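S.K.: Let me begin by handing over the structure; questions about it come next.
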Amino acid sequence: MNLEEQLAEQERLIQWLQGQLEQQRAMNGELRRAVADLARTFQESLAAAYEAGESGDIEAVRRITRANQQHWQAYLQQIVAAARARPAQDA
């Protein structure tokens, strides 16, 4: 392999690596957003459950807890989907 071919191959590798880096950054952004949504929802539901518990509204605590469970499942699925969304590419 001559010098020009080696340089061309290195340029292709650099471009591929840059593409991989961009995909990783996009995936990390999706994961950060999903985790931030999850944390915000959990804190909001925790505060609502606490208030309902303080007022003695056990049925409201149950409703909030069930809704929180559904939110957790939805956000966890979002996180898993974001982690799997990275398409495989060959060099």
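So you can find residues: chains in the structure tokens are A, B, ... in the order shown, residues in each start at 1, and ligands are numbered from 1 in order.
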Please identify all polymer residues within 12 Å of A:Gln70, counting only C-alpha atoms, omitting same-chain residues fewer than 5 positions from it, and present them as a PyMOL selection string.
M.R.: chain A and resi 38+41-42+45+63-65+75-77
S.K.: Can you pull out every residue within 12 Å of A:Ala49, counting only C-alpha atoms, but drop anything in the same chain fewer than 4 positions away, and send it as number ranges by chain?
M.R.: A: 42-45, 53-68
S.K.: When you look at A:Glu30 with a cut-off of 9 Å (counting only C-alpha atoms), what residues show up, excluding the ones that are within fewer than 6 positions of it in the same chain? I need them as a PyMOL selection string.
M.R.: chain A and resi 78-79+82-83
S.K.: Please, what distance in Å, to one decimal, runs between atom CA of A:Glu51 and atom CA of A:Gln69?
M.R.: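 Atom-to-atom, atom CA of A:Glu51 and atom CA of A:Gln69 are spaced 17.9 Å apart.
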S.K.: To one decimal in Å, tell me the separation between atom CA of A:Ala74 and atom CA of A:Ala48.
M.R.: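 The value is 19.3 Å.
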S.K.: Considering only C-alpha atoms, can you say which of A:Arg40, A:Gln18, A:Leu46, A:Met27 comes closest to A:Val80?
M.R.: A:Met27
